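Novice: Structure file entry-v9.cif (mmCIF, C-alpha atoms) right here:
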```cif
data_entry
loop_
_atom_site.label_atom_id
_atom_site.label_comp_id
_atom_site.auth_asym_id
_atom_site.auth_seq_id
_atom_site.Cartn_x
_atom_site.Cartn_y
_atom_site.Cartn_z
CA MET A 1 160.51 77.73 34.36
CA SER A 2 157.67 76.99 36.77
CA THR A 3 158.22 74.00 39.04
CA ILE A 4 155.86 71.88 41.13
CA ALA A 5 157.32 70.30 44.26
CA ALA A 6 155.75 67.55 46.34
CA ILE A 7 156.79 68.13 49.94
CA ARG A 8 156.24 66.19 53.14
CA VAL A 9 156.39 67.72 56.63
CA PRO A 10 155.97 65.69 59.86
CA ALA A 11 152.63 66.32 61.53
CA GLU A 12 154.26 67.62 64.71
CA GLU A 13 156.17 70.25 62.71
CA PHE A 14 153.19 71.79 60.95
CA ALA A 15 149.84 73.43 61.65
CA LEU A 16 147.09 71.47 63.43
CA ALA A 17 149.67 69.20 65.09
CA GLU A 18 147.77 69.03 68.39
CA THR A 19 144.45 68.38 66.66
CA LEU A 20 145.94 65.55 64.60
CA SER A 21 147.36 63.95 67.74
CA ARG A 22 144.15 64.27 69.77
CA VAL A 23 141.52 63.23 67.22
CA PRO A 24 142.13 59.67 65.96
CA GLY A 25 141.74 59.26 62.21
CA VAL A 26 141.04 62.92 61.44
CA GLU A 27 142.15 64.07 57.99
CA PHE A 28 142.48 67.60 56.62
CA GLU A 29 142.53 68.84 53.05
CA THR A 30 142.90 72.47 52.04
CA VAL A 31 140.77 74.12 49.37
CA ARG A 32 142.60 77.44 49.21
CA VAL A 33 145.71 78.73 50.95
CA VAL A 34 146.95 82.32 51.13
CA ALA A 35 149.57 83.92 53.37
CA HIS A 36 149.33 87.28 55.10
CA ASP A 37 152.16 88.63 57.25
CA ASP A 38 153.17 85.78 59.56
CA ARG A 39 150.07 83.64 59.21
CA VAL A 40 148.38 81.38 56.67
CA LEU A 41 144.67 81.68 55.91
CA PRO A 42 143.30 78.41 54.51
CA LEU A 43 139.92 76.92 53.79
CA VAL A 44 140.09 73.39 55.17
CA TRP A 45 137.93 70.30 54.81
CA ALA A 46 138.03 68.05 57.88
CA GLN A 47 136.93 64.41 57.91
CA THR A 48 136.33 62.66 61.24
CA ASP A 49 133.85 60.39 62.99
CA ASP A 50 134.10 62.45 66.19
CA GLU A 51 133.02 66.00 65.44
CA ASP A 52 132.82 66.98 69.12
CA ALA A 53 136.42 65.92 69.70
CA LEU A 54 137.44 67.88 66.60
CA GLU A 55 135.76 71.05 67.86
CA ARG A 56 137.45 70.75 71.26
CA ALA A 57 140.84 70.06 69.74
CA LEU A 58 140.62 73.00 67.34
CA ALA A 59 139.67 75.32 70.18
CA ASP A 60 142.75 74.24 72.15
CA ASP A 61 145.21 74.00 69.25
CA PRO A 62 147.87 76.74 69.64
CA SER A 63 148.57 76.75 65.90
CA VAL A 64 145.00 77.79 65.04
CA GLU A 65 143.03 80.98 65.56
CA ASN A 66 139.70 82.33 64.34
CA GLU A 67 138.36 78.95 63.23
CA ARG A 68 134.88 79.22 61.75
CA LEU A 69 132.62 76.42 60.55
CA LEU A 70 131.32 77.16 57.03
CA ALA A 71 129.64 73.87 56.10
CA ASP A 72 128.64 70.74 58.00
CA LEU A 73 128.02 67.81 55.66
CA ALA A 74 127.34 64.17 56.38
CA ASP A 75 130.96 63.06 56.56
CA GLU A 76 133.06 66.22 56.45
CA ARG A 77 133.20 69.84 57.59
CA LEU A 78 134.53 72.96 55.91
CA TYR A 79 136.36 75.51 58.05
CA ARG A 80 137.93 78.89 57.57
CA MET A 81 140.81 79.36 60.01
CA ASP A 82 144.11 81.11 60.61
CA TRP A 83 147.28 79.06 60.98
CA VAL A 84 149.62 81.01 63.24
CA ALA A 85 152.37 78.53 64.22
CA ASN A 86 154.57 75.88 62.61
CA ILE A 87 153.96 77.30 59.14
CA GLU A 88 157.20 79.23 58.59
CA THR A 89 158.21 77.30 55.46
CA VAL A 90 154.87 77.83 53.73
CA VAL A 91 154.83 81.54 54.62
CA TYR A 92 158.37 81.89 53.27
CA ALA A 93 157.52 80.08 50.02
CA LEU A 94 154.36 82.12 49.44
CA LEU A 95 155.50 85.59 50.48
CA GLU A 96 159.20 85.56 49.58
CA HIS A 97 159.07 83.52 46.38
CA ASP A 98 155.55 83.89 44.97
CA GLY A 99 154.76 80.24 45.58
CA THR A 100 151.26 78.81 45.29
CA VAL A 101 149.97 75.92 47.39
CA LEU A 102 148.14 73.68 44.91
CA SER A 103 147.12 71.15 47.55
CA ALA A 104 147.82 70.28 51.16
CA SER A 105 146.55 67.27 53.07
CA GLY A 106 147.26 66.32 56.65
CA ARG A 107 146.97 63.08 58.58
CA ALA A 108 148.59 61.70 61.71
CA ASP A 109 151.58 60.55 59.64
CA GLY A 110 152.29 64.04 58.30
CA TRP A 111 151.37 66.77 55.84
CA HIS A 112 151.78 66.40 52.11
CA LEU A 113 151.91 69.59 50.05
CA ARG A 114 152.18 70.38 46.36
CA ILE A 115 153.61 73.86 45.84
CA LEU A 116 154.03 75.68 42.54
CA PHE A 117 157.22 77.77 42.40
CA PRO A 118 158.04 80.27 39.64
CA ASP A 119 161.42 78.56 39.13
CA ARG A 120 163.81 76.02 40.64
CA ASP A 121 165.82 78.74 42.38
CA SER A 122 162.75 79.62 44.44
CA LEU A 123 162.32 75.98 45.40
CA SER A 124 165.99 75.71 46.36
CA ALA A 125 165.80 78.86 48.46
CA THR A 126 162.74 77.52 50.29
CA HIS A 127 164.48 74.19 50.93
CA ASP A 128 167.57 76.02 52.23
CA PHE A 129 165.38 78.14 54.50
CA ALA A 130 163.78 75.03 56.00
CA THR A 131 167.22 73.48 56.55
CA ASP A 132 168.55 76.61 58.25
CA GLU A 133 165.50 76.72 60.52
CA ASP A 134 165.82 72.99 61.37
CA ILE A 135 162.44 72.24 59.81
CA PRO A 136 162.42 68.58 58.66
CA LEU A 137 161.06 69.11 55.17
CA SER A 138 161.26 66.16 52.76
CA LEU A 139 161.30 66.92 49.04
CA GLU A 140 159.56 63.92 47.48
CA GLN A 141 159.11 64.89 43.84
CA VAL A 142 159.90 67.78 41.49
CA ALA A 143 158.36 68.38 38.06
CA ASP A 144 158.97 71.25 35.64
CA LEU A 145 155.81 72.40 33.89
CA ASN A 146 157.54 72.87 30.56
CA GLU A 147 158.15 69.12 30.47
CA GLY A 148 154.52 68.80 29.39
CA ARG A 149 151.11 69.10 30.96
CA GLY A 150 151.37 65.60 32.38
CA SER A 151 154.63 66.27 34.19
CA GLN A 152 152.96 67.25 37.45
CA PHE A 153 151.65 63.67 37.65
CA ALA A 154 154.98 62.13 36.57
CA LEU A 155 153.63 61.24 33.13
CA THR A 156 156.00 61.07 30.20
CA GLU A 157 154.99 62.93 27.06
CA ARG A 158 154.12 59.63 25.34
CA GLN A 159 151.96 58.55 28.27
CA HIS A 160 150.19 61.91 28.28
CA GLN A 161 149.53 61.71 24.54
CA ALA A 162 148.23 58.14 24.80
CA LEU A 163 145.85 58.97 27.65
CA LEU A 164 144.57 62.07 25.89
CA ALA A 165 144.02 60.24 22.60
CA ALA A 166 142.24 57.37 24.34
CA TYR A 167 139.94 59.80 26.11
CA GLU A 168 139.22 61.99 23.09
CA ARG A 169 138.60 59.01 20.76
CA GLY A 170 136.15 57.41 23.20
CA TYR A 171 138.20 54.45 24.39
CA TYR A 172 136.75 54.85 27.89
CA GLU A 173 133.15 55.09 26.73
CA VAL A 174 130.69 52.21 27.23
CA PRO A 175 130.55 50.80 24.63
CA GLN A 176 133.96 51.85 23.33
CA ASP A 177 134.08 54.15 20.30
CA VAL A 178 137.61 53.03 19.40
CA THR A 179 139.61 49.85 19.90
CA MET A 180 143.13 49.44 21.21
CA ALA A 181 144.22 48.40 17.72
CA GLU A 182 142.83 51.63 16.24
CA LEU A 183 144.66 53.68 18.86
CA ALA A 184 147.83 51.77 18.03
CA ASP A 185 147.44 52.64 14.34
CA GLU A 186 147.21 56.30 15.28
CA PHE A 187 150.62 56.12 16.99
CA ASP A 188 152.09 53.67 14.45
CA VAL A 189 152.94 51.12 17.15
CA SER A 190 151.56 47.75 18.20
CA ALA A 191 148.41 47.38 20.27
CA GLN A 192 150.52 45.79 23.00
CA ALA A 193 152.80 48.84 23.10
CA VAL A 194 149.84 51.20 23.54
CA SER A 195 148.34 48.94 26.20
CA GLN A 196 151.59 48.90 28.18
CA ARG A 197 151.97 52.67 27.79
CA LEU A 198 148.47 53.24 29.15
CA HIS A 199 149.03 50.85 32.06
CA ARG A 200 152.21 52.68 33.06
CA ALA A 201 150.34 55.98 32.76
CA TYR A 202 147.57 54.67 35.05
CA ARG A 203 150.18 53.62 37.57
CA ASN A 204 151.89 57.03 37.54
CA LEU A 205 148.56 58.84 37.81
CA ILE A 206 147.47 56.75 40.79
CA GLU A 207 150.84 57.05 42.50
CA ASN A 208 151.12 60.81 42.10
CA ALA A 209 147.49 61.96 42.23
CA LEU A 210 145.93 59.50 44.68
CA VAL A 211 148.65 57.81 46.72
CA ILE A 212 149.87 60.96 48.44
CA GLY A 213 153.40 61.09 49.65
CA ARG A 214 154.98 58.22 47.75
CA PRO A 215 158.09 59.40 45.93
CA THR A 216 158.68 58.67 42.26
CA ASP A 217 162.40 58.23 41.60
CA THR A 218 162.17 57.02 38.01
CA ILE A 219 159.62 57.27 35.24
CA GLU A 220 159.28 54.50 32.70
CA GLU A 221 158.42 55.16 29.09
#
```
Go through the file and emit its structure as structure tokens.
Specialist:
Amino acid sequence: MSTIAAIRVPAEEFALAETLSRVPGVEFETVRVVAHDDRVLPLVWAQTDDEDALERALADDPSVENERLLADLADERLYRMDWVANIETVVYALLEHDGTVLSASGRADGWHLRILFPDRDSLSATHDFATDEDIPLSLEQVADLNEGRGSQFALTERQHQALLAAYERGYYEVPQDVTMAELADEFDVSAQAVSQRLHRAYRNLIENALVIGRPTDTIEE
């Protein structure tokens, strides 16, 4: 049973810690992450208003080697680099348990990662490894993929079905191809019930896809 875990790691306990502390407001977001031996090889987007400070900080950061600028856009830069320190948990998850980093974003307040594990035992082993190594890893959310395609965003099956039907029937088109009442007829419930279901789905989507790092303890139907 494949499992997606949302994990938070303090900035000072993960890669690019020195860069995050030296460059105010810098944000990182990975595109691809693979592990090889004792290092992690990511493609990383960096957003900052001070590109010179970023370059200096990366050059001095002991957790980074072989950084190479691949693209320089108006408001962000794409780098290929090697992470060589403070990445033990990610290396363990990827190499020992066939984990896959779906996303990783870093700011001054910490790193937020979404890792796909082949099963819950692999997640538990990774969490135990971090505990044994005194790595302050916070497990913020866990979702099993067989709970439905919406589970990774904390959607219930009803919320997922309502969103999908609304999209496929043209509810979000301008002008709308279907009304709320017509959607309600499709599910044999009231228009108010569908409206509330969609609003809760929007909230869960925003909280789990956009507001990174906020835990979801309960899911409302």
Novice: List as a short mmCIF file (atom, residue, chain, number, x, y, z; two decimals) with C-alpha atoms, in the frame of the given file the residues having at least one atom at most 12 Å from position (142.8, 79.5, 63.8) as given in the file, counting all atoms listed in the file.
Specialist:
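So the final result, stored in result_23.cif, reads:
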```
data_model
loop_
_atom_site.label_atom_id
_atom_site.label_comp_id
_atom_site.auth_asym_id
_atom_site.auth_seq_id
_atom_site.Cartn_x
_atom_site.Cartn_y
_atom_site.Cartn_z
CA ALA A 15 149.84 73.43 61.65
CA LEU A 16 147.09 71.47 63.43
CA THR A 19 144.45 68.38 66.66
CA ARG A 39 150.07 83.64 59.21
CA VAL A 40 148.38 81.38 56.67
CA LEU A 41 144.67 81.68 55.91
CA PRO A 42 143.30 78.41 54.51
CA LEU A 43 139.92 76.92 53.79
CA VAL A 44 140.09 73.39 55.17
CA GLU A 55 135.76 71.05 67.86
CA ALA A 57 140.84 70.06 69.74
CA LEU A 58 140.62 73.00 67.34
CA ALA A 59 139.67 75.32 70.18
CA ASP A 60 142.75 74.24 72.15
CA ASP A 61 145.21 74.00 69.25
CA PRO A 62 147.87 76.74 69.64
CA SER A 63 148.57 76.75 65.90
CA VAL A 64 145.00 77.79 65.04
CA GLU A 65 143.03 80.98 65.56
CA ASN A 66 139.70 82.33 64.34
CA GLU A 67 138.36 78.95 63.23
CA ARG A 68 134.88 79.22 61.75
CA LEU A 69 132.62 76.42 60.55
CA TYR A 79 136.36 75.51 58.05
CA ARG A 80 137.93 78.89 57.57
CA MET A 81 140.81 79.36 60.01
CA ASP A 82 144.11 81.11 60.61
CA TRP A 83 147.28 79.06 60.98
CA VAL A 84 149.62 81.01 63.24
CA ALA A 85 152.37 78.53 64.22
#
```
Novice: Nearest to A:Thr89: which of A:Ala71, A:Glu18, A:Ile7, A:Ala108 is it, counting only C-alpha atoms?
Specialist: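 With only C-alpha atoms as the atom set, the closest residue is A:Ile7.
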Novice: Given the file shown, determine the residues that the PyMOL selection byres ((chain A and resi 193) around 12) selects; report them as a list in words.
Specialist: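 When the PyMOL selection byres ((chain A and resi 193) around 12) is applied, the selected residues are Arg158, Gln159, Ala162, Met180, Ala181, Leu183, Ala184, Asp185, Phe187, Asp188, Val189, Ser190, Ala191, Gln192, Val194, Ser195, Gln196, Arg197, Leu198, His199, Arg200 and Glu221 of chain A.
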Novice: For stretch 129-148 of chain A, take all atoms listed in the file, fit an axis-aligned box around them, add 4 Å to each of the six sides, then output centre and edge lengths in Å rounded to one decimal, as JSON.
Specialist:
```
{"center_x": 161.5, "center_y": 71.0, "center_z": 45.4, "size_x": 22.0, "size_y": 22.2, "size_z": 40.0}
```
Novice: Name all residues at most 12 Å from A:Asp177 (count only C-alpha atoms; drop same-chain ones fewer than 5 positions away) and give them as a ChimeraX atom specification.
Specialist: /A:165-172,182-183
Novice: Decode the PyMOL selection byres ((chain A and resi 27-38) around 8) for the given file into explicit residues and return them as a JSON list (two decimals) with C-alpha atoms, in the coordinates of the input.
Specialist:
```json
[["chain", "number", "residue", "atom", "x", "y", "z"],
["A", 20, "LEU", "CA", 145.94, 65.55, 64.60],
["A", 25, "GLY", "CA", 141.74, 59.26, 62.21],
["A", 26, "VAL", "CA", 141.04, 62.92, 61.44],
["A", 39, "ARG", "CA", 150.07, 83.64, 59.21],
["A", 40, "VAL", "CA", 148.38, 81.38, 56.67],
["A", 41, "LEU", "CA", 144.67, 81.68, 55.91],
["A", 42, "PRO", "CA", 143.30, 78.41, 54.51],
["A", 43, "LEU", "CA", 139.92, 76.92, 53.79],
["A", 44, "VAL", "CA", 140.09, 73.39, 55.17],
["A", 45, "TRP", "CA", 137.93, 70.30, 54.81],
["A", 46, "ALA", "CA", 138.03, 68.05, 57.88],
["A", 47, "GLN", "CA", 136.93, 64.41, 57.91],
["A", 48, "THR", "CA", 136.33, 62.66, 61.24],
["A", 84, "VAL", "CA", 149.62, 81.01, 63.24],
["A", 88, "GLU", "CA", 157.20, 79.23, 58.59],
["A", 91, "VAL", "CA", 154.83, 81.54, 54.62],
["A", 94, "LEU", "CA", 154.36, 82.12, 49.44],
["A", 95, "LEU", "CA", 155.50, 85.59, 50.48],
["A", 100, "THR", "CA", 151.26, 78.81, 45.29],
["A", 101, "VAL", "CA", 149.97, 75.92, 47.39],
["A", 102, "LEU", "CA", 148.14, 73.68, 44.91],
["A", 103, "SER", "CA", 147.12, 71.15, 47.55],
["A", 104, "ALA", "CA", 147.82, 70.28, 51.16],
["A", 105, "SER", "CA", 146.55, 67.27, 53.07],
["A", 106, "GLY", "CA", 147.26, 66.32, 56.65],
["A", 107, "ARG", "CA", 146.97, 63.08, 58.58],
["A", 108, "ALA", "CA", 148.59, 61.70, 61.71]]
```
Novice: Can you work out which one of A:Leu205, A:Ser138, A:Asp72, A:Ser122 has the shortest atom-to-atom distance to A:Gly110, counting all atoms listed in the file?
Specialist: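 For A:Gly110, the nearest of the given residues is A:Ser138.
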Novice: What's the separation between atom CA of A:Glu133 and atom CA of A:Glu96, in Å to one decimal place?
Specialist: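 Computing the Euclidean distance for atom CA of A:Glu133 and atom CA of A:Glu96 yields 15.4 Å.
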Novice: Which is closer to A:Leu164 than all the others in A:Leu116, A:Ala201, A:Asn86, A:Asp52, using only C-alpha atoms?
Specialist: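 Checking each candidate against A:Leu164, we get A:Ala201 as the closest.
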Novice: Could you tell me how far atom CA of A:Asp75 lies from atom CA of A:Arg22, in Å and to one decimal?
Specialist: 18.7 Å
Novice: Selected by the PyMOL selection byres ((chain A and resi 140) around 7) in the shown coordinates: which residues, as a list of chain:residue names?
Specialist: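 Listing what the PyMOL selection byres ((chain A and resi 140) around 7) selects in the shown file: A:Ala6, A:Ile7, A:Arg8, A:Ser138, A:Leu139, A:Gln141, A:Pro215.
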Novice: Between A:Leu73, A:Ala17, A:Ala53, A:Ala93, which has the minimum distance to A:Pro118 (counting all atoms listed in the file)?
Specialist: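 Selected residue with least distance to A:Pro118: A:Ala93.
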Novice: Can you tell me how far atom CA of A:Ala5 sits from atom CA of A:Gln161, in Å to one decimal?
Specialist: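 Atom CA of A:Gln161 lies 22.9 Å from atom CA of A:Ala5.
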Novice: Go through A:Leu54, A:Ser2, A:Asp144, A:Asp119 one by one, measure the shortest atom-to-atom distance of each to A:Val23 using all atoms listed in the file, and give the residue with the smallest value.
Specialist: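 Looking only at the distances to A:Val23, the closest residue turns out to be A:Leu54.
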Novice: Which one is closest to A:Ala11: A:Asp109, A:Glu173, A:Asp121, A:Asp128? Count all atoms listed in the file.
Specialist: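 Nearest to A:Ala11: A:Asp109.
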